[in-house]
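Trainee: Next up, upload.txt (compact mmCIF, C-alpha atoms and all ligand atoms).
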# COMPACT_ATOMS: atom_id res chain seq x y z
CA MET A 1 -106.90 63.44 -132.11
CA ALA A 2 -108.55 63.90 -128.71
CA LYS A 3 -111.73 61.87 -128.33
CA LYS A 4 -114.43 62.96 -125.83
CA ASN A 5 -114.62 60.67 -122.77
CA GLN A 6 -111.19 59.23 -123.51
CA THR A 7 -109.55 58.47 -120.15
CA LEU A 8 -106.51 60.44 -119.04
CA GLY A 9 -104.42 57.29 -119.11
CA GLU A 10 -105.35 56.57 -122.74
CA PHE A 11 -104.77 60.24 -123.65
CA ILE A 12 -101.28 60.32 -122.09
CA ILE A 13 -100.24 57.17 -123.93
CA GLU A 14 -101.76 58.33 -127.22
CA ASN A 15 -99.99 61.70 -127.06
CA GLN A 16 -96.70 60.56 -125.58
CA ASN A 17 -94.86 61.18 -128.83
CA ASP A 18 -95.83 64.87 -128.61
CA PHE A 19 -93.36 65.27 -125.76
CA LYS A 20 -89.95 66.43 -126.88
CA TYR A 21 -87.33 63.86 -125.82
CA SER A 22 -90.23 61.44 -125.19
CA SER A 23 -88.86 58.75 -122.95
CA GLY A 24 -91.95 57.82 -120.96
CA GLU A 25 -90.76 59.70 -117.87
CA LEU A 26 -92.99 62.72 -118.49
CA SER A 27 -95.94 60.36 -118.99
CA ARG A 28 -95.11 58.67 -115.70
CA LEU A 29 -94.86 62.07 -114.00
CA LEU A 30 -98.30 63.04 -115.31
CA ASN A 31 -99.63 59.69 -114.10
CA SER A 32 -98.24 60.33 -110.61
CA ILE A 33 -99.95 63.76 -110.53
CA ARG A 34 -103.15 62.10 -111.72
CA LEU A 35 -102.97 59.62 -108.83
CA ALA A 36 -102.05 62.23 -106.18
CA GLY A 37 -104.91 64.43 -107.40
CA LYS A 38 -107.41 61.65 -106.74
CA VAL A 39 -106.04 61.08 -103.23
CA VAL A 40 -106.14 64.79 -102.33
CA ASN A 41 -109.58 65.17 -103.89
CA HIS A 42 -110.89 62.46 -101.57
CA GLU A 43 -109.76 64.43 -98.51
CA VAL A 44 -110.76 67.87 -99.86
CA ASN A 45 -114.27 66.62 -100.53
CA LYS A 46 -114.80 65.49 -96.94
CA ALA A 47 -112.72 68.18 -95.23
CA GLY A 48 -115.71 69.37 -93.24
CA LEU A 49 -116.38 65.91 -91.85
CA VAL A 50 -113.02 65.07 -90.41
CA ASP A 51 -110.63 67.03 -88.31
CA ILE A 52 -108.44 67.97 -91.28
CA THR A 53 -109.52 71.56 -91.89
CA GLY A 54 -108.34 74.42 -89.79
CA ALA A 55 -104.77 75.57 -89.25
CA ALA A 56 -102.14 72.96 -88.65
CA GLY A 57 -100.68 75.19 -85.95
CA ASP A 58 -97.57 75.72 -88.04
CA THR A 59 -96.56 78.38 -90.54
CA ASN A 60 -94.91 77.86 -93.94
CA ILE A 61 -91.94 79.74 -95.40
CA GLN A 62 -94.34 82.49 -96.39
CA GLY A 63 -95.21 83.02 -92.74
CA GLU A 64 -98.79 81.99 -93.58
CA ASP A 65 -100.75 79.72 -91.22
CA GLN A 66 -100.48 76.22 -92.67
CA GLN A 67 -103.86 74.60 -93.04
CA LYS A 68 -103.87 70.86 -92.28
CA LEU A 69 -105.14 70.14 -95.79
CA ASP A 70 -102.24 72.20 -97.18
CA VAL A 71 -99.77 70.04 -95.31
CA TYR A 72 -101.61 66.86 -96.28
CA ALA A 73 -101.74 67.80 -99.99
CA ASN A 74 -98.07 68.75 -99.92
CA ASP A 75 -97.09 65.40 -98.43
CA VAL A 76 -99.25 63.41 -100.88
CA PHE A 77 -97.86 65.11 -104.01
CA ILE A 78 -94.26 65.01 -102.85
CA GLU A 79 -94.34 61.35 -101.77
CA THR A 80 -96.30 60.20 -104.84
CA ILE A 81 -93.79 61.87 -107.15
CA ARG A 82 -90.71 60.97 -105.08
CA ASN A 83 -91.55 57.26 -104.94
CA ARG A 84 -91.66 56.87 -108.72
CA ASN A 85 -88.03 57.68 -109.44
CA ILE A 86 -89.01 60.18 -112.15
CA VAL A 87 -87.72 63.59 -111.06
CA CYS A 88 -84.43 64.72 -109.56
CA GLY A 89 -85.94 67.56 -107.55
CA ILE A 90 -89.20 69.02 -106.23
CA ALA A 91 -89.99 72.55 -105.01
CA SER A 92 -93.20 73.44 -103.21
CA GLU A 93 -94.85 76.55 -101.77
CA GLU A 94 -95.04 74.63 -98.50
CA GLU A 95 -91.33 73.79 -98.39
CA ASP A 96 -88.57 76.16 -97.26
CA ASP A 97 -86.15 74.84 -99.85
CA PHE A 98 -86.25 72.50 -102.83
CA ILE A 99 -86.05 68.76 -102.24
CA ILE A 100 -83.36 66.71 -103.97
CA ILE A 101 -84.32 63.25 -105.14
CA ASN A 102 -81.38 61.09 -106.09
CA SER A 103 -82.06 58.41 -108.63
CA GLN A 104 -82.63 54.99 -107.09
CA ASP A 105 -80.85 53.64 -110.15
CA ASN A 106 -77.30 54.94 -110.25
CA ASN A 107 -77.11 54.30 -113.97
CA HIS A 108 -79.99 56.62 -114.63
CA GLN A 109 -80.30 60.32 -113.98
CA ASN A 110 -83.88 61.55 -113.58
CA LYS A 111 -84.20 64.41 -116.03
CA TYR A 112 -87.08 66.55 -114.71
CA VAL A 113 -87.76 68.92 -111.83
CA VAL A 114 -91.30 69.74 -110.72
CA LEU A 115 -92.60 72.76 -108.80
CA ILE A 116 -95.97 72.67 -107.05
CA ASP A 117 -98.42 74.77 -105.14
CA PRO A 118 -100.12 71.81 -103.50
CA LEU A 119 -103.27 73.57 -102.37
CA ASP A 120 -103.63 77.12 -103.69
CA GLY A 121 -106.45 79.21 -102.20
CA SER A 122 -106.29 77.21 -98.97
CA SER A 123 -107.79 80.09 -96.98
CA ASN A 124 -111.05 79.00 -98.66
CA ILE A 125 -110.93 75.48 -97.22
CA ASP A 126 -112.91 76.20 -94.05
CA VAL A 127 -115.63 78.06 -95.97
CA ASN A 128 -116.10 75.30 -98.52
CA VAL A 129 -114.95 77.31 -101.54
CA SER A 130 -112.96 75.72 -104.41
CA VAL A 131 -109.22 75.27 -104.03
CA GLY A 132 -106.62 73.98 -106.46
CA THR A 133 -103.24 72.35 -107.06
CA ILE A 134 -100.83 73.93 -109.57
CA PHE A 135 -97.75 72.24 -111.08
CA SER A 136 -94.91 73.15 -113.42
CA VAL A 137 -92.31 70.84 -114.99
CA PHE A 138 -88.84 71.67 -116.36
CA ARG A 139 -86.13 69.49 -117.81
CA ARG A 140 -83.09 69.77 -115.61
CA VAL A 141 -80.32 71.92 -117.05
CA THR A 142 -77.44 70.24 -115.23
CA GLU A 143 -76.56 66.94 -116.83
CA VAL A 144 -75.95 64.64 -113.88
CA GLY A 145 -75.65 64.61 -110.11
CA THR A 146 -77.48 66.80 -107.65
CA PRO A 147 -79.78 69.46 -109.11
CA VAL A 148 -78.66 73.01 -108.63
CA GLU A 149 -81.25 75.63 -107.70
CA MET A 150 -80.02 78.39 -109.94
CA LYS A 151 -79.87 76.22 -113.02
CA ASP A 152 -82.46 73.51 -112.61
CA PHE A 153 -85.31 75.25 -110.76
CA LEU A 154 -84.90 78.94 -111.60
CA GLN A 155 -85.91 78.69 -115.26
CA SER A 156 -88.13 81.08 -117.22
CA GLY A 157 -91.68 80.00 -118.07
CA ASP A 158 -90.75 79.53 -121.74
CA GLN A 159 -88.60 76.55 -120.66
CA GLN A 160 -91.50 74.57 -119.16
CA VAL A 161 -92.22 71.15 -120.70
CA ALA A 162 -95.55 70.71 -118.90
CA ALA A 163 -97.88 72.64 -116.57
CA GLY A 164 -101.35 72.23 -115.20
CA TYR A 165 -103.79 72.52 -112.35
CA ILE A 166 -106.37 70.46 -110.52
CA VAL A 167 -109.47 72.42 -109.46
CA TYR A 168 -111.38 70.81 -106.58
CA GLY A 169 -114.74 72.43 -107.37
CA THR A 170 -118.30 71.31 -107.98
CA SER A 171 -116.49 68.69 -110.02
CA THR A 172 -112.79 67.93 -109.85
CA MET A 173 -110.86 68.66 -113.04
CA LEU A 174 -107.27 68.19 -114.16
CA VAL A 175 -106.30 70.72 -116.86
CA TYR A 176 -102.80 70.53 -118.35
CA THR A 177 -100.55 71.23 -121.32
CA THR A 178 -97.32 69.74 -122.62
CA GLY A 179 -96.97 72.48 -125.23
CA ASN A 180 -99.55 71.08 -127.64
CA GLY A 181 -102.71 72.84 -126.50
CA VAL A 182 -104.73 72.54 -123.29
CA ASN A 183 -107.03 69.63 -122.38
CA GLY A 184 -109.37 69.24 -119.40
CA PHE A 185 -110.24 65.96 -117.68
CA THR A 186 -113.08 65.51 -115.18
CA LEU A 187 -112.79 62.97 -112.38
CA ASN A 188 -115.52 60.40 -111.97
CA PRO A 189 -115.02 59.79 -108.24
CA ALA A 190 -117.16 56.65 -108.30
CA LEU A 191 -114.80 55.03 -110.81
CA GLY A 192 -111.61 56.89 -109.88
CA SER A 193 -111.02 57.72 -113.55
CA TRP A 194 -110.40 61.07 -115.25
CA TYR A 195 -112.33 61.53 -118.53
CA LEU A 196 -111.54 64.00 -121.32
CA SER A 197 -114.43 66.45 -120.89
CA HIS A 198 -112.87 69.67 -122.30
CA PRO A 199 -110.69 68.87 -125.34
CA ASN A 200 -108.54 71.65 -126.83
CA MET A 201 -109.59 74.41 -124.40
CA LYS A 202 -109.38 77.95 -125.78
CA PHE A 203 -109.34 81.35 -124.05
CA PRO A 204 -111.87 83.64 -125.83
CA GLU A 205 -109.88 86.62 -127.21
CA ASP A 206 -112.29 88.98 -125.43
CA GLY A 207 -114.44 88.71 -122.34
CA ASN A 208 -116.62 90.73 -120.00
CA ILE A 209 -115.51 89.37 -116.61
CA TYR A 210 -112.78 90.97 -114.51
CA SER A 211 -111.36 89.31 -111.38
CA VAL A 212 -109.46 91.44 -108.87
CA ASN A 213 -109.55 92.09 -105.12
CA GLU A 214 -111.00 95.62 -105.32
CA GLY A 215 -110.42 96.02 -101.59
CA ASN A 216 -106.85 96.87 -102.59
CA TYR A 217 -107.98 99.47 -105.18
CA LEU A 218 -106.35 102.48 -103.47
CA ASP A 219 -103.07 100.53 -103.46
CA PHE A 220 -103.00 99.77 -107.18
CA PRO A 221 -100.85 101.47 -109.85
CA ALA A 222 -102.67 104.27 -111.70
CA GLY A 223 -102.91 102.17 -114.88
CA ILE A 224 -104.76 99.40 -113.04
CA LYS A 225 -107.11 101.88 -111.33
CA MET A 226 -107.99 103.41 -114.70
CA TYR A 227 -108.55 99.95 -116.24
CA ILE A 228 -110.93 99.00 -113.41
CA LYS A 229 -112.88 102.24 -114.05
CA TYR A 230 -112.89 101.32 -117.76
CA CYS A 231 -114.43 97.93 -116.86
CA GLN A 232 -117.12 99.69 -114.80
CA ALA A 233 -117.99 102.40 -117.38
CA GLU A 234 -121.41 102.40 -119.10
CA GLU A 235 -120.15 102.13 -122.66
CA GLY A 236 -120.49 99.54 -125.41
CA ASN A 237 -120.60 96.07 -123.83
CA ARG A 238 -119.55 97.50 -120.49
CA PRO A 239 -119.84 97.53 -117.51
CA TYR A 240 -118.18 94.12 -117.27
CA THR A 241 -119.09 91.66 -114.52
CA SER A 242 -116.87 91.48 -111.43
CA ARG A 243 -116.19 87.91 -110.26
CA TYR A 244 -113.46 87.20 -107.69
CA ILE A 245 -113.42 83.85 -105.85
CA GLY A 246 -110.12 84.33 -104.03
CA SER A 247 -108.81 81.11 -105.56
CA LEU A 248 -106.56 81.67 -108.59
CA VAL A 249 -107.28 78.28 -110.14
CA SER A 250 -111.07 78.79 -109.93
CA ASP A 251 -111.01 82.35 -111.29
CA PHE A 252 -108.62 81.29 -114.09
CA HIS A 253 -110.74 78.26 -114.99
CA ARG A 254 -113.98 80.26 -115.23
CA ASN A 255 -112.29 83.03 -117.25
CA MET A 256 -110.78 80.51 -119.67
CA ILE A 257 -114.20 79.00 -120.34
CA LYS A 258 -116.22 82.25 -120.45
CA GLY A 259 -113.60 84.88 -121.34
CA GLY A 260 -112.22 87.30 -118.77
CA ILE A 261 -109.19 88.69 -116.99
CA TYR A 262 -107.59 88.00 -113.60
CA MET A 263 -105.42 90.66 -111.99
CA TYR A 264 -103.20 90.55 -108.93
CA PRO A 265 -101.26 93.84 -109.30
CA LYS A 266 -98.45 95.14 -107.10
CA GLY A 267 -99.23 97.60 -104.32
CA SER A 268 -97.64 99.04 -101.18
CA LYS A 269 -98.65 95.89 -99.23
CA ASN A 270 -97.31 93.65 -102.00
CA PRO A 271 -94.61 95.71 -103.80
CA LYS A 272 -93.94 92.77 -106.16
CA GLY A 273 -97.50 91.45 -106.20
CA LYS A 274 -98.62 88.48 -104.09
CA LEU A 275 -98.52 85.49 -106.42
CA ARG A 276 -95.40 83.33 -106.83
CA LEU A 277 -93.69 83.31 -110.20
CA LEU A 278 -92.44 79.72 -110.34
CA TYR A 279 -95.38 77.64 -109.12
CA GLU A 280 -98.40 79.91 -109.66
CA CYS A 281 -97.83 82.50 -112.41
CA SER A 282 -95.50 80.60 -114.75
CA PRO A 283 -97.62 77.43 -115.07
CA MET A 284 -100.85 79.43 -115.40
CA ALA A 285 -99.18 81.62 -118.02
CA PHE A 286 -98.10 78.52 -120.00
CA LEU A 287 -101.69 77.25 -119.94
CA ALA A 288 -103.08 80.68 -120.86
CA GLU A 289 -100.80 81.08 -123.87
CA GLN A 290 -101.34 77.49 -125.02
CA ALA A 291 -105.10 78.25 -124.96
CA GLY A 292 -104.66 81.48 -126.96
CA GLY A 293 -104.69 83.81 -123.95
CA LEU A 294 -101.92 85.96 -122.50
CA ALA A 295 -100.21 86.54 -119.13
CA THR A 296 -98.03 89.51 -118.16
CA ASP A 297 -96.74 91.31 -115.09
CA GLY A 298 -98.72 94.28 -116.42
CA THR A 299 -96.40 94.91 -119.33
CA LYS A 300 -93.94 92.00 -119.85
CA ARG A 301 -94.84 88.38 -120.67
CA ILE A 302 -94.65 86.25 -117.51
CA MET A 303 -93.00 83.46 -119.55
CA GLU A 304 -89.97 85.68 -120.31
CA ILE A 305 -89.19 86.59 -116.70
CA GLU A 306 -85.93 85.05 -115.48
CA PRO A 307 -86.43 83.95 -111.85
CA THR A 308 -83.85 84.99 -109.25
CA GLU A 309 -85.22 83.15 -106.21
CA LEU A 310 -87.47 80.15 -105.59
CA HIS A 311 -90.38 81.94 -103.88
CA GLU A 312 -90.26 85.25 -105.69
CA ARG A 313 -93.50 87.13 -106.34
CA VAL A 314 -94.60 88.99 -109.46
CA PRO A 315 -97.63 91.11 -110.41
CA PHE A 316 -99.97 88.89 -112.49
CA ILE A 317 -102.41 89.93 -115.24
CA CYS A 318 -103.80 86.91 -117.08
CA GLY A 319 -106.67 85.99 -119.36
CA SER A 320 -108.29 86.90 -122.67
CA LYS A 321 -105.58 88.27 -124.93
CA ASN A 322 -107.26 91.55 -125.90
CA MET A 323 -108.14 92.33 -122.27
CA VAL A 324 -104.54 91.75 -121.09
CA LYS A 325 -103.27 93.94 -123.95
CA LYS A 326 -105.75 96.67 -122.91
CA VAL A 327 -104.28 96.64 -119.39
CA ALA A 328 -100.79 97.09 -120.85
CA GLU A 329 -102.06 100.14 -122.80
CA PHE A 330 -103.50 101.62 -119.59
CA MET A 331 -100.30 100.88 -117.64
CA LYS A 332 -98.26 102.63 -120.38
CA THR A 333 -100.63 105.63 -120.56
CA PHE A 334 -101.48 106.17 -116.91
CA GLY A 335 -98.54 104.66 -115.04
CA GLU A 336 -97.20 101.41 -113.71
P1 LIG A 401 -106.31 87.96 -101.70
C1 LIG A 401 -104.70 82.36 -102.65
O1 LIG A 401 -104.01 82.65 -101.45
C2 LIG A 401 -104.04 83.19 -103.76
O2 LIG A 401 -102.70 82.83 -103.87
C3 LIG A 401 -104.80 83.00 -105.06
O3 LIG A 401 -105.27 81.72 -105.24
C4 LIG A 401 -105.90 84.03 -104.95
O4 LIG A 401 -106.36 84.50 -106.22
C5 LIG A 401 -105.25 85.16 -104.16
O5 LIG A 401 -104.17 84.57 -103.43
C6 LIG A 401 -106.21 85.81 -103.20
O6 LIG A 401 -105.50 86.85 -102.54
O7 LIG A 401 -105.23 88.91 -101.22
O8 LIG A 401 -107.26 88.64 -102.69
O9 LIG A 401 -107.04 87.24 -100.62
The structure given in the file should be rewritten as structure tokens.
Ligand code: P6P
Mentor:
Amino acid sequence: MAKKNQTLGEFIIENQNDFKYSSGELSRLLNSIRLAGKVVNHEVNKAGLVDITGAAGDTNIQGEDQQKLDVYANDVFIETIRNRNIVCGIASEEEDDFIIINSQDNNHQNKYVVLIDPLDGSSNIDVNVSVGTIFSVFRRVTEVGTPVEMKDFLQSGDQQVAAGYIVYGTSTMLVYTTGNGVNGFTLNPALGSWYLSHPNMKFPEDGNIYSVNEGNYLDFPAGIKMYIKYCQAEEGNRPYTSRYIGSLVSDFHRNMIKGGIYMYPKGSKNPKGKLRLLYECSPMAFLAEQAGGLATDGTKRIMEIEPTELHERVPFICGSKNMVKKVAEFMKTFGE
């Protein structure tokens, strides 16, 4: 039973037997993410003071300007995880292709792959707005040898064994699930310890906050347009409140605590939506469902989607269950 102010280390040990096939490796993987999160947090929190903000002069596979902090966070998470001989492969938004990690112990095959968005919302770095790290963990499907993209990385969200995020906000929190509910830990930077501050987090079934970039309104499917008008109508407990930070982790975190819905629909500029299935939507969908919420592409559960490529995008509707279901009704009635 989770105890308030328990440290993350104590919590991982105490709940290790919850992990299917518990062998200690998943615990060690969570511990490596916990360590990397502290290191990145240290840099994020002083980004304005040192020459580490601003574009790194390079672009990532997405063709987006790489921010120095993006590159730094990517390196920290990859090296921290790689050096612990826990996973057999890592994929990252910042990396063209997945990285193979061969076991340093030939008698032992690392059994997990991890996918990360090392610093999501990085366009907010220079304006001092919250950013986040997102991670997703699968058991490898191939038995031994070198991981194979199609089998080991391209797995549907329902196959995840763990997922979580770190939000570098007014406080830094690590929120994760291993399939037994969602728990939130707040970092005490003075002590370098994460403390259980939000045990057993739950998405309210309803909410009155909607998060969407309304600048793209004209581009949205008819069902989404009609839902946004529904949110704005003077009726019952509406109009809802519009809150959009431009950082998925921050909008998700607020909506999970207060109730609400986040939408990144498809449009002519983003015919498949903008967010990535494997290391943004799938892990956030796992968290949402574990907290009693729901995540779809507008109609279909995100967790059922079978990936076809590492960096594929999907439309993303996520949050309070009844709000997400309402969007599906509007999409069915007015058009997808
Ligand atoms: P837009 C950040 O780049 C991100 O992936 C999410 O964190 C965020 O919600 C969204 O994109 C913002 O996109 O097009 O509204 O600026």
Trainee: Kindly indicate which residue among A:Ser92, A:Asn5, A:Thr59, A:Ser250 lies nearest to Asn183 in chain A, using all atoms listed in the file for the distances.
Mentor: A:Asn5
Trainee: Using all atoms listed in the file, find the one residue out of A:Lys46, A:Arg276, A:Arg28, A:Arg254 that sits nearest to Ile134 in chain A.
Mentor: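 Ranking A:Lys46, A:Arg276, A:Arg28, A:Arg254 by distance to Ile134 in chain A, first place goes to A:Arg276.
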Trainee: Around ligand LIG 401 (chain A), which protein and nucleic acid residues have at least one atom no more than 9 Å from it, if we count all atoms listed in the file? List them as a VMD selection string.
Mentor: chain A and resid 119 to 124 131 to 132 211 to 216 244 to 252 262 to 264 274 to 276 280
Trainee: Would you save the residues from that selection as a PDB file, in the frame of the given file, using C-alpha atoms?
Mentor:
ATOM      1  CA  LEU A 119    -103.270  73.570-102.370  1.00  0.00           C
ATOM      2  CA  ASP A 120    -103.630  77.120-103.690  1.00  0.00           C
ATOM      3  CA  GLY A 121    -106.450  79.210-102.200  1.00  0.00           C
ATOM      4  CA  SER A 122    -106.290  77.210 -98.970  1.00  0.00           C
ATOM      5  CA  SER A 123    -107.790  80.090 -96.980  1.00  0.00           C
ATOM      6  CA  ASN A 124    -111.050  79.000 -98.660  1.00  0.00           C
ATOM      7  CA  VAL A 131    -109.220  75.270-104.030  1.00  0.00           C
ATOM      8  CA  GLY A 132    -106.620  73.980-106.460  1.00  0.00           C
ATOM      9  CA  SER A 211    -111.360  89.310-111.380  1.00  0.00           C
ATOM     10  CA  VAL A 212    -109.460  91.440-108.870  1.00  0.00           C
ATOM     11  CA  ASN A 213    -109.550  92.090-105.120  1.00  0.00           C
ATOM     12  CA  GLU A 214    -111.000  95.620-105.320  1.00  0.00           C
ATOM     13  CA  GLY A 215    -110.420  96.020-101.590  1.00  0.00           C
ATOM     14  CA  ASN A 216    -106.850  96.870-102.590  1.00  0.00           C
ATOM     15  CA  TYR A 244    -113.460  87.200-107.690  1.00  0.00           C
ATOM     16  CA  ILE A 245    -113.420  83.850-105.850  1.00  0.00           C
ATOM     17  CA  GLY A 246    -110.120  84.330-104.030  1.00  0.00           C
ATOM     18  CA  SER A 247    -108.810  81.110-105.560  1.00  0.00           C
ATOM     19  CA  LEU A 248    -106.560  81.670-108.590  1.00  0.00           C
ATOM     20  CA  VAL A 249    -107.280  78.280-110.140  1.00  0.00           C
ATOM     21  CA  SER A 250    -111.070  78.790-109.930  1.00  0.00           C
ATOM     22  CA  ASP A 251    -111.010  82.350-111.290  1.00  0.00           C
ATOM     23  CA  PHE A 252    -108.620  81.290-114.090  1.00  0.00           C
ATOM     24  CA  TYR A 262    -107.590  88.000-113.600  1.00  0.00           C
ATOM     25  CA  MET A 263    -105.420  90.660-111.990  1.00  0.00           C
ATOM     26  CA  TYR A 264    -103.200  90.550-108.930  1.00  0.00           C
ATOM     27  CA  LYS A 274     -98.620  88.480-104.090  1.00  0.00           C
ATOM     28  CA  LEU A 275     -98.520  85.490-106.420  1.00  0.00           C
ATOM     29  CA  ARG A 276     -95.400  83.330-106.830  1.00  0.00           C
ATOM     30  CA  GLU A 280     -98.400  79.910-109.660  1.00  0.00           C
TER      31      GLU A 280
END
Trainee: Could you please determine the separation between CA of Gln109 in chain A and CA of Ile33 in chain A in Å, to one decimal place?
Mentor: 20.2 Å
Trainee: Using only C-alpha atoms, find the one residue out of A:Glu94, A:Glu205, A:Glu289, A:Glu143 that sits nearest to Asn110 in chain A.
Mentor: A:Glu143
Trainee: I'd like to know which of A:Gly157, A:Gly57, A:Gly169, A:Gly223 is closest to Val44 in chain A, using only C-alpha atoms.
Mentor: A:Gly169
Trainee: Could you check which of A:Asn31, A:Thr7, A:Gln155, A:Thr172 is closest to Asn45 in chain A, using only C-alpha atoms?
Mentor: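 Looking at the shortest contact to Asn45 in chain A, the residue is A:Thr172.
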Trainee: At what distance in Å, to one decimal, does CA of Gly293 in chain A lie from CA of Tyr176 in chain A?
Mentor: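 Distance between the two atoms: 14.5 Å.
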Trainee: Point out the residue among A:Ser171, A:Asn208, A:Thr178, A:Ser130 with the least atom-to-atom distance to Leu26 in chain A, counting all atoms listed in the file.
Mentor: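 The shortest atom-to-atom distance to Leu26 in chain A comes from A:Thr178.
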Trainee: With a distance cut-off of 12 Å and all atoms listed in the file, select the neighbouring residues of Lys225 in chain A, excluding the residue or stretch itself and same-chain residues fewer than 4 positions from it, and output the selection as a PDB file with C-alpha atoms, keeping the file's coordinate frame.
Mentor:
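That gives us result22.pdb:
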ATOM      1  CA  VAL A 212    -109.460  91.440-108.870  1.00  0.00           C
ATOM      2  CA  ASN A 213    -109.550  92.090-105.120  1.00  0.00           C
ATOM      3  CA  GLU A 214    -111.000  95.620-105.320  1.00  0.00           C
ATOM      4  CA  GLY A 215    -110.420  96.020-101.590  1.00  0.00           C
ATOM      5  CA  ASN A 216    -106.850  96.870-102.590  1.00  0.00           C
ATOM      6  CA  TYR A 217    -107.980  99.470-105.180  1.00  0.00           C
ATOM      7  CA  LEU A 218    -106.350 102.480-103.470  1.00  0.00           C
ATOM      8  CA  ASP A 219    -103.070 100.530-103.460  1.00  0.00           C
ATOM      9  CA  PHE A 220    -103.000  99.770-107.180  1.00  0.00           C
ATOM     10  CA  PRO A 221    -100.850 101.470-109.850  1.00  0.00           C
ATOM     11  CA  LYS A 229    -112.880 102.240-114.050  1.00  0.00           C
ATOM     12  CA  TYR A 230    -112.890 101.320-117.760  1.00  0.00           C
ATOM     13  CA  CYS A 231    -114.430  97.930-116.860  1.00  0.00           C
ATOM     14  CA  GLN A 232    -117.120  99.690-114.800  1.00  0.00           C
ATOM     15  CA  MET A 263    -105.420  90.660-111.990  1.00  0.00           C
ATOM     16  CA  PRO A 265    -101.260  93.840-109.300  1.00  0.00           C
ATOM     17  CA  LYS A 266     -98.450  95.140-107.100  1.00  0.00           C
ATOM     18  CA  GLY A 267     -99.230  97.600-104.320  1.00  0.00           C
ATOM     19  CA  VAL A 327    -104.280  96.640-119.390  1.00  0.00           C
ATOM     20  CA  PHE A 330    -103.500 101.620-119.590  1.00  0.00           C
ATOM     21  CA  MET A 331    -100.300 100.880-117.640  1.00  0.00           C
ATOM     22  CA  THR A 333    -100.630 105.630-120.560  1.00  0.00           C
ATOM     23  CA  PHE A 334    -101.480 106.170-116.910  1.00  0.00           C
ATOM     24  CA  GLY A 335     -98.540 104.660-115.040  1.00  0.00           C
ATOM     25  CA  GLU A 336     -97.200 101.410-113.710  1.00  0.00           C
TER      26      GLU A 336
END
Trainee: Within 10 Å of Ile12 in chain A, counting only C-alpha atoms, which residues show up once you throw out same-chain ones fewer than 2 positions away? Write them as a PyMOL selection string, please.
Mentor: chain A and resi 7-10+14-18+24+26-28+30-31
Trainee: Could those selected residues go to a file with C-alpha atoms, as a compact mmCIF listing (two decimals), in the frame of the given file?
Mentor:
# COMPACT_ATOMS: atom_id res chain seq x y z
CA THR A 7 -109.55 58.47 -120.15
CA LEU A 8 -106.51 60.44 -119.04
CA GLY A 9 -104.42 57.29 -119.11
CA GLU A 10 -105.35 56.57 -122.74
CA GLU A 14 -101.76 58.33 -127.22
CA ASN A 15 -99.99 61.70 -127.06
CA GLN A 16 -96.70 60.56 -125.58
CA ASN A 17 -94.86 61.18 -128.83
CA ASP A 18 -95.83 64.87 -128.61
CA GLY A 24 -91.95 57.82 -120.96
CA LEU A 26 -92.99 62.72 -118.49
CA SER A 27 -95.94 60.36 -118.99
CA ARG A 28 -95.11 58.67 -115.70
CA LEU A 30 -98.30 63.04 -115.31
CA ASN A 31 -99.63 59.69 -114.10
Trainee: For the point (-109.7, 66.8, -127.3) in file coordinates, what residues are within 10 Å, counting only C-alpha atoms? Give the answer as a count of residues only?
Mentor: 18
Trainee: Tell me which protein, DNA and RNA residues are within 6 Å of Ser320 in chain A, counting all atoms listed in the file, leaving out same-chain ones fewer than 2 positions away, and put them as a list in words.
Mentor: Phe203, Pro204, Glu205, Asp206, Gly259, Gly260, Gly293, Asn322 and Met323 of chain A
Trainee: So how far away is CA of Ile305 in chain A from CA of Ser156 in chain A, in Å?
Mentor: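 Separation of CA of Ser156 in chain A and CA of Ile305 in chain A: 5.6 Å.
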